[in-house]
Amino acid sequence: MSRLPSGLLIAVVMFSSAFMGCGTSTAGNDRAVPALITSPNSASVDELQAAIASLLNTDHVMIAQSAFTDTSVLSIEPAMHKDTNGRLLMGRSTEMPESVQLLIHGDTCLLEHAKSGQRKILQITTCRAE
């Protein structure tokens with residue numbers, strides 16, 4: 001095995017360290033981070049419900065006005081099926097809840113479905129980093 005001149009090895013190490021430093025600082029700025037809603041109101045709740053329903057491929061989702069005010073993650077349980085008299089049809093559901101997370105990227109708030117990684121940009125909802 002041939003040896004590299006020591007000067008060449010130092011130059012390679014210095015170049016690769018400088019290159020890695022540039023890469024990590026850029027990548028850190030491009031990452032969305034967990035977020036909390038800053039001003040929850042009926043318009044933001046409507047937007048969040050529509051975005052969550054779209055991510056979960058369902059017609060309608062109901063969330064509380066306080067959703068995403070204390071934590072960036074929300075678990076959505078499937079609705080219990082009832083008959084016309086309001087009695088449960090199937091008993092206990094064994095389906096796992098779905099999870100969505102509120103994120104912020106720059107000034108843009110977005111929702112991410114945990115299972116699929118699919119995201120929806122929010123136009124009305126305002127948020128800040130958690």
# chains A, B, ... in the order shown; residues from 1 in each chain; ligands from 1

$ residues_around --residues "Cys127 (chain A)" --least-positions-apart "4" --cutoff "7 Å" --atoms "only C-alpha atoms" --output "list in words"
Ala35, Leu36, Ile37, Thr38, Ile104 and Cys109 of chain A

$ select_by_dssp --residues "region 28-122 of chain A" --states "strand (DSSP E or B)" --output "list of chain:residue names"
A:Val33, A:Pro34, A:Ala35, A:Leu36, A:Ile37, A:Val73, A:Leu74, A:Ser75, A:Ile76, A:Lys82, A:Leu88, A:Glu98, A:Ser99, A:Val100, A:Gln101, A:Leu102, A:Leu103, A:Ile104, A:His105, A:Thr108, A:Cys109, A:Leu110, A:Leu111, A:Glu112, A:His113, A:Arg119, A:Lys120, A:Ile121, A:Leu122

$ closest_atom_pairs --of "region 74-127 of chain A" --to "region 45-52 of chain A" --cutoff "10 Å" --atoms "only C-alpha atoms" --output "CSV"
residue,atom,partner,partner_atom,distance
A:Ile76,CA,A:Ile52,CA,9.0
A:Glu98,CA,A:Ile52,CA,9.9
A:Ser99,CA,A:Ile52,CA,9.6
A:Val100,CA,A:Ile52,CA,7.5
A:Gln101,CA,A:Ile52,CA,9.9
A:Leu102,CA,A:Leu48,CA,9.5
A:Leu110,CA,A:Ala51,CA,9.1
A:Leu111,CA,A:Ala51,CA,7.4
A:Glu112,CA,A:Ile52,CA,8.8
A:His113,CA,A:Ile52,CA,8.1
A:Arg119,CA,A:Ala51,CA,8.9
A:Lys120,CA,A:Ala51,CA,6.3
A:Ile121,CA,A:Ala51,CA,8.3
A:Leu122,CA,A:Glu47,CA,7.2
A:Gln123,CA,A:Glu47,CA,8.1
A:Ile124,CA,A:Glu47,CA,7.1
A:Thr125,CA,A:Glu47,CA,7.3

$ atom_distance --atom1 "CA of Pro78 (chain A)" --atom2 "CA of Pro97 (chain A)"
6.7 Å

$ atom_distance --atom1 "CA of Leu88 (chain A)" --atom2 "CA of Ala64 (chain A)"
22.7 Å

$ closest_residue --among "A:Leu56, A:Ala129, A:Ala67, A:Leu89" --to "Gly106 (chain A)" --atoms "only C-alpha atoms"
A:Ala129

$ closest_residue --among "A:Asp107, A:Asp83, A:Glu130, A:Glu95" --to "Asp70 (chain A)" --atoms "only C-alpha atoms"
A:Glu130

$ atom_distance --atom1 "CA of Gly117 (chain A)" --atom2 "CA of Met80 (chain A)"
25.8 Å
